[in-house]
Amino acid sequence: MVPSLVARLGIEHPLIQAPMSGSTTPALVAAVSNAGALGSLGAGYLEPQAILDQAREIRAASGHPFAINLFVLPETFEVDMAAVDAARRALDALMEREGLDVRTVMPARWAPSFAEQFAALCEARPAVASFAFDLISPGQMRQLKQLGIVVVGTATTVAEARAWEELGADAVSLQSAEAGGHRGTFLHEPEEALIGLFALLPLTARAVKIPLIAAGGIMDGRGMLAAEVLGAAASQLGTAFLACPECGAAAAWKHDLAGSTEHDVATIRSFSGRAARGLRNTYVKAMAAIEAELPAYPVTNALTSPLRRAAAAAGRGDLLSEWCGQGAGLSRAMPAGELVAVLMDEYVQARRAFD
Ligand SMILES: Cc1cc2nc3c(=O)[nH]c(=O)nc-3n(C[C@H](O)[C@H](O)[C@H](O)COP(=O)(O)O)c2cc1C
């Protein structure tokens, strides 16, 4: 372990609960931080006021450091309206076929403004700010440094980790192919950046000096130790926390995770227009033929939002974006604080086995 990162973050354990937009609740973040790890709020889908409100809720429940995470998106982008119309027709037909009584709508905005989210993050002033999908600007980096916020950038390749280091990030969250949720890739095509953790960690450790946070497929304390041996300063676990009662993932999703195998987990573009790892369910199979033609993130993400909300309300996990990493079958349902204690106990036991 590189103790300096854990000390710098002001936490007890080399363990970070991954930000999971749409699923990480203030209760989950607070429970993890109270247990001595670092809880992270996935704020990618939140409007600025919600970021401030949820940061306040976390602080009311925990006096410990926590992270806020954002998706770095351009303020304006081209939208192909013919592709939007075709996507809406396909989604409406699917919802009708599946008996969901909702239809797509044209949203007022495709996604919250990153500039406004960033301003809210600065106002909320968490101990750590982490980012995915792209680099932030040098001016934004300076602003975070002036506020004393530790900056973590997401990288899926050695080149992306170098780019974050050159920009001045304090650490890199190294997202390997096994990882659940959206791919953070920004310098390459997604399929060129699916590198397993056992290769990605030592390759990156050789190339950059800033601390690495291992993310992807780590489900227990043994995995945390293995990541450390390969060069990680800490481990970031997302899927392992999905089954916690404090996690906001839909009940049907939690249920489907428990029964999944490694063969059920695929890279999927059809829910959001951006590659992400999750369960290959009814929706994914139905949309496979037109997946490549769907508009890029965040347009398809906004278009599928009514369907995903209705599916969650109807208990239809098979139509939900059931994001998870390749280790999903190893999930354990228990309160988040308990899970942190179990993971750290396993980590210590695994270390002892090698003494
Ligand atoms: C449900 C879910 C949502 C995620 N949302 C985000 C997010 O909002 N921001 C982010 O940087 N990473 C996000 N990730 C990726 C995690 O940061 C991390 O890379 C991943 O969970 C590690 O792999 P694991 O799920 O196998 O532990 C998400 C992952 C999952 C499973």
# chains A, B, ... in the order shown; residues from 1 in each chain; ligands from 1
>>> residues_around(residues="A:Ser40", least_positions_apart="5", cutoff="8 Å", atoms="only C-alpha atoms", output="number ranges by chain")
A: 16-20, 24, 29, 66-69
>>> write_last_selection(atoms="C-alpha atoms", output="PDB file, in the first residue's frame")
ATOM      1  CA  ILE A  16     -13.150   3.288  -1.616  1.00  0.00           C
ATOM      2  CA  GLN A  17     -16.841   2.606  -2.283  1.00  0.00           C
ATOM      3  CA  ALA A  18     -17.184   3.512  -5.949  1.00  0.00           C
ATOM      4  CA  PRO A  19     -19.424   6.372  -7.003  1.00  0.00           C
ATOM      5  CA  MET A  20     -22.466   4.862  -8.734  1.00  0.00           C
ATOM      6  CA  THR A  24     -25.250   5.770  -4.321  1.00  0.00           C
ATOM      7  CA  VAL A  29     -21.863   7.091   1.453  1.00  0.00           C
ATOM      8  CA  PHE A  66     -16.274  11.549   1.381  1.00  0.00           C
ATOM      9  CA  ALA A  67     -15.988  11.975  -2.393  1.00  0.00           C
ATOM     10  CA  ILE A  68     -18.290  13.504  -4.998  1.00  0.00           C
ATOM     11  CA  ASN A  69     -17.979  12.193  -8.558  1.00  0.00           C
TER      12      ASN A  69
END
>>> select_by_dssp(residues="stretch 133-226 of chain A", states="strand (DSSP E)", output="list in words")
Val150, Val151, Val152, Gly153, Thr154, Ala155, Ala171, Val172, Ser173, Leu174, Gln175, Gly181, His182, Leu212, Ile213, Ala214 and Ala215 of chain A
>>> residues_near_ligand(ligand="ligand 1", cutoff="9 Å", atoms="only C-alpha atoms and all ligand atoms", output="PyMOL selection string")
chain A and resi 17-24+41-45+69-71+130-133+153-154+173-184+214-219+235-242+249+276-278+321-328
>>> closest_residue(among="A:Asp355, A:Ala341, A:Arg8, A:Thr157", to="A:Ala171", atoms="only C-alpha atoms")
A:Arg8
>>> residues_around(residues="A:Pro112", least_positions_apart="4", cutoff="12 Å", atoms="only C-alpha atoms", output="ChimeraX atom specification")
/A:43-51,70-76,107-108,116-118,120,298-299,302
>>> residues_around(residues="A:Lys254", least_positions_apart="4", cutoff="10 Å", atoms="only C-alpha atoms", output="VMD selection string")
chain A and resid 242 to 245 247 to 250 258 to 259 317 322 331 333
>>> write_last_selection(atoms="all heavy atoms", output="mmCIF file, in the first residue's frame")
data_model
loop_
_atom_site.group_PDB
_atom_site.id
_atom_site.type_symbol
_atom_site.label_atom_id
_atom_site.label_comp_id
_atom_site.auth_asym_id
_atom_site.auth_seq_id
_atom_site.Cartn_x
_atom_site.Cartn_y
_atom_site.Cartn_z
ATOM 1 N N LEU A 242 -23.420 -2.891 -4.277
ATOM 2 C CA LEU A 242 -24.764 -2.761 -4.861
ATOM 3 C C LEU A 242 -25.831 -3.485 -4.041
ATOM 4 O O LEU A 242 -26.977 -3.048 -3.981
ATOM 5 C CB LEU A 242 -24.771 -3.323 -6.288
ATOM 6 C CG LEU A 242 -24.295 -2.395 -7.402
ATOM 7 C CD1 LEU A 242 -24.237 -3.150 -8.726
ATOM 8 C CD2 LEU A 242 -25.203 -1.173 -7.532
ATOM 9 N N ALA A 243 -25.454 -4.605 -3.419
ATOM 10 C CA ALA A 243 -26.449 -5.408 -2.695
ATOM 11 C C ALA A 243 -26.717 -4.890 -1.279
ATOM 12 O O ALA A 243 -27.571 -5.432 -0.572
ATOM 13 C CB ALA A 243 -25.972 -6.864 -2.641
ATOM 14 N N CYS A 244 -25.998 -3.841 -0.862
ATOM 15 C CA CYS A 244 -26.203 -3.305 0.501
ATOM 16 C C CYS A 244 -27.604 -2.690 0.611
ATOM 17 O O CYS A 244 -28.074 -2.062 -0.348
ATOM 18 C CB CYS A 244 -25.178 -2.217 0.803
ATOM 19 S SG CYS A 244 -23.485 -2.818 0.854
ATOM 20 N N PRO A 245 -28.242 -2.826 1.775
ATOM 21 C CA PRO A 245 -29.587 -2.238 1.910
ATOM 22 C C PRO A 245 -29.592 -0.716 1.743
ATOM 23 O O PRO A 245 -30.596 -0.149 1.315
ATOM 24 C CB PRO A 245 -30.007 -2.635 3.341
ATOM 25 C CG PRO A 245 -28.761 -3.102 4.027
ATOM 26 C CD PRO A 245 -27.828 -3.577 2.966
ATOM 27 N N CYS A 247 -27.964 0.913 -0.453
ATOM 28 C CA CYS A 247 -27.751 1.254 -1.855
ATOM 29 C C CYS A 247 -29.099 1.439 -2.550
ATOM 30 O O CYS A 247 -30.033 0.678 -2.320
ATOM 31 C CB CYS A 247 -26.938 0.152 -2.539
ATOM 32 S SG CYS A 247 -26.698 0.462 -4.298
ATOM 33 N N GLY A 248 -29.190 2.427 -3.424
ATOM 34 C CA GLY A 248 -30.462 2.766 -4.071
ATOM 35 C C GLY A 248 -30.803 1.934 -5.289
ATOM 36 O O GLY A 248 -31.810 2.211 -5.943
ATOM 37 N N ALA A 249 -30.005 0.925 -5.635
ATOM 38 C CA ALA A 249 -30.332 0.084 -6.800
ATOM 39 C C ALA A 249 -31.690 -0.587 -6.582
ATOM 40 O O ALA A 249 -32.030 -0.968 -5.454
ATOM 41 C CB ALA A 249 -29.247 -0.981 -6.999
ATOM 42 N N ALA A 250 -32.468 -0.737 -7.666
ATOM 43 C CA ALA A 250 -33.812 -1.322 -7.562
ATOM 44 C C ALA A 250 -33.743 -2.753 -7.013
ATOM 45 O O ALA A 250 -32.760 -3.469 -7.242
ATOM 46 C CB ALA A 250 -34.468 -1.340 -8.938
ATOM 47 N N ALA A 258 -27.740 -11.338 -7.635
ATOM 48 C CA ALA A 258 -27.460 -12.477 -6.757
ATOM 49 C C ALA A 258 -27.453 -13.790 -7.541
ATOM 50 O O ALA A 258 -26.682 -14.701 -7.249
ATOM 51 C CB ALA A 258 -28.486 -12.535 -5.631
ATOM 52 N N GLY A 259 -28.308 -13.862 -8.563
ATOM 53 C CA GLY A 259 -28.402 -15.121 -9.308
ATOM 54 C C GLY A 259 -27.558 -15.139 -10.582
ATOM 55 O O GLY A 259 -27.679 -16.055 -11.392
ATOM 56 N N GLY A 317 -36.692 -6.162 -13.603
ATOM 57 C CA GLY A 317 -35.231 -6.086 -13.715
ATOM 58 C C GLY A 317 -34.754 -6.374 -15.128
ATOM 59 O O GLY A 317 -33.744 -5.837 -15.576
ATOM 60 N N GLU A 322 -29.003 -2.941 -15.531
ATOM 61 C CA GLU A 322 -28.521 -3.630 -14.320
ATOM 62 C C GLU A 322 -26.987 -3.645 -14.350
ATOM 63 O O GLU A 322 -26.360 -4.680 -14.556
ATOM 64 C CB GLU A 322 -29.086 -5.051 -14.271
ATOM 65 C CG GLU A 322 -30.605 -5.070 -14.180
ATOM 66 C CD GLU A 322 -31.166 -6.484 -14.130
ATOM 67 O OE1 GLU A 322 -30.941 -7.269 -15.070
ATOM 68 O OE2 GLU A 322 -31.829 -6.808 -13.130
ATOM 69 N N SER A 331 -21.333 -11.210 -5.044
ATOM 70 C CA SER A 331 -21.952 -10.173 -4.183
ATOM 71 C C SER A 331 -22.439 -10.768 -2.869
ATOM 72 O O SER A 331 -22.907 -11.904 -2.844
ATOM 73 C CB SER A 331 -23.188 -9.568 -4.841
ATOM 74 O OG SER A 331 -22.910 -9.056 -6.065
ATOM 75 N N ALA A 333 -25.058 -9.627 0.340
ATOM 76 C CA ALA A 333 -26.013 -8.613 0.810
ATOM 77 C C ALA A 333 -25.837 -8.426 2.303
ATOM 78 O O ALA A 333 -26.142 -9.332 3.081
ATOM 79 C CB ALA A 333 -27.434 -9.054 0.494
#
>>> atom_distance(atom1="atom CA of A:Glu338", atom2="atom CA of A:Gly36")
11.2 Å
>>> residues_around(residues="A:Ala311", least_positions_apart="4", cutoff="12 Å", atoms="only C-alpha atoms", output="VMD selection string")
chain A and resid 94 to 95 98 to 103 250 to 253 282 to 283 304 to 307 315 to 322
>>> write_last_selection(atoms="N, CA, C and O atoms", output="compact mmCIF listing (two decimals), in the first residue's frame")
# COMPACT_ATOMS: atom_id res chain seq x y z
N LEU A 94 -40.81 -1.29 -28.07
CA LEU A 94 -40.39 -2.26 -27.05
C LEU A 94 -41.26 -2.13 -25.79
O LEU A 94 -41.73 -3.13 -25.23
N MET A 95 -41.51 -0.88 -25.37
CA MET A 95 -42.32 -0.68 -24.16
C MET A 95 -43.74 -1.20 -24.38
O MET A 95 -44.33 -1.79 -23.48
N GLU A 98 -43.71 -4.96 -24.22
CA GLU A 98 -43.44 -5.48 -22.88
C GLU A 98 -44.51 -5.06 -21.87
O GLU A 98 -44.38 -5.32 -20.67
N GLY A 99 -45.53 -4.33 -22.33
CA GLY A 99 -46.65 -3.97 -21.46
C GLY A 99 -46.34 -2.84 -20.47
O GLY A 99 -47.01 -2.72 -19.44
N LEU A 100 -45.34 -2.00 -20.79
CA LEU A 100 -45.07 -0.84 -19.93
C LEU A 100 -45.87 0.35 -20.44
O LEU A 100 -45.77 0.70 -21.61
N ASP A 101 -46.64 0.95 -19.54
CA ASP A 101 -47.58 1.99 -19.96
C ASP A 101 -46.92 3.38 -19.97
O ASP A 101 -47.45 4.33 -19.41
N VAL A 102 -45.76 3.49 -20.57
CA VAL A 102 -45.08 4.80 -20.72
C VAL A 102 -44.50 4.87 -22.13
O VAL A 102 -44.35 3.86 -22.79
N ARG A 103 -44.16 6.09 -22.54
CA ARG A 103 -43.51 6.28 -23.85
C ARG A 103 -42.37 7.28 -23.69
O ARG A 103 -42.31 8.01 -22.70
N ALA A 250 -32.47 -0.74 -7.67
CA ALA A 250 -33.81 -1.32 -7.56
C ALA A 250 -33.74 -2.75 -7.01
O ALA A 250 -32.76 -3.47 -7.24
N ALA A 251 -34.81 -3.15 -6.31
CA ALA A 251 -34.85 -4.48 -5.68
C ALA A 251 -34.67 -5.59 -6.73
O ALA A 251 -33.96 -6.58 -6.49
N ALA A 252 -35.30 -5.41 -7.91
CA ALA A 252 -35.21 -6.44 -8.95
C ALA A 252 -33.77 -6.59 -9.44
O ALA A 252 -33.31 -7.70 -9.74
N TRP A 253 -33.05 -5.49 -9.52
CA TRP A 253 -31.63 -5.48 -9.94
C TRP A 253 -30.80 -6.25 -8.91
O TRP A 253 -29.98 -7.12 -9.26
N THR A 282 -33.33 -8.96 -20.97
CA THR A 282 -34.30 -8.90 -22.07
C THR A 282 -34.10 -7.65 -22.92
O THR A 282 -34.09 -7.70 -24.15
N TYR A 283 -33.97 -6.48 -22.25
CA TYR A 283 -33.80 -5.21 -22.97
C TYR A 283 -32.55 -5.26 -23.86
O TYR A 283 -32.60 -4.90 -25.04
N THR A 304 -34.00 6.73 -22.67
CA THR A 304 -34.39 5.47 -22.00
C THR A 304 -34.82 5.70 -20.54
O THR A 304 -35.24 4.76 -19.87
N SER A 305 -34.71 6.94 -20.08
CA SER A 305 -35.01 7.21 -18.67
C SER A 305 -36.46 6.85 -18.28
O SER A 305 -36.66 6.17 -17.26
N PRO A 306 -37.50 7.23 -19.07
CA PRO A 306 -38.87 6.83 -18.68
C PRO A 306 -39.02 5.31 -18.61
O PRO A 306 -39.66 4.78 -17.70
N LEU A 307 -38.40 4.61 -19.57
CA LEU A 307 -38.49 3.15 -19.58
C LEU A 307 -37.85 2.56 -18.32
O LEU A 307 -38.42 1.68 -17.66
N GLY A 315 -40.97 -3.62 -11.07
CA GLY A 315 -40.17 -4.78 -10.64
C GLY A 315 -39.62 -5.57 -11.81
O GLY A 315 -39.34 -6.76 -11.69
N ARG A 316 -39.46 -4.91 -12.97
CA ARG A 316 -38.98 -5.58 -14.18
C ARG A 316 -37.46 -5.39 -14.35
O ARG A 316 -37.00 -4.57 -15.15
N GLY A 317 -36.69 -6.16 -13.60
CA GLY A 317 -35.23 -6.09 -13.72
C GLY A 317 -34.75 -6.37 -15.13
O GLY A 317 -33.74 -5.84 -15.58
N ASP A 318 -35.52 -7.18 -15.86
CA ASP A 318 -35.08 -7.58 -17.21
C ASP A 318 -35.11 -6.42 -18.20
O ASP A 318 -34.59 -6.54 -19.31
N LEU A 319 -35.74 -5.28 -17.79
CA LEU A 319 -35.76 -4.11 -18.69
C LEU A 319 -34.94 -2.96 -18.11
O LEU A 319 -34.95 -1.85 -18.65
N LEU A 320 -34.23 -3.21 -17.02
CA LEU A 320 -33.45 -2.16 -16.32
C LEU A 320 -31.99 -2.20 -16.73
O LEU A 320 -31.47 -3.26 -17.10
N SER A 321 -31.31 -1.06 -16.59
CA SER A 321 -29.86 -1.06 -16.78
C SER A 321 -29.24 -1.64 -15.50
O SER A 321 -29.01 -0.93 -14.54
N GLU A 322 -29.00 -2.94 -15.53
CA GLU A 322 -28.52 -3.63 -14.32
C GLU A 322 -26.99 -3.65 -14.35
O GLU A 322 -26.36 -4.68 -14.56
>>> closest_residue(among="A:Gly337, A:Gly148, A:Pro126, A:Pro14", to="A:Glu246", atoms="only C-alpha atoms")
A:Gly337
>>> atom_distance(atom1="atom CA of A:Ala234", atom2="atom CA of A:Leu28")
19.1 Å
>>> atom_distance(atom1="atom CA of A:Pro65", atom2="atom CA of A:Val158")
28.3 Å
>>> closest_residue(among="A:Val152, A:Ala312, A:Leu294, A:Val348", to="A:Asp80", atoms="only C-alpha atoms")
A:Leu294
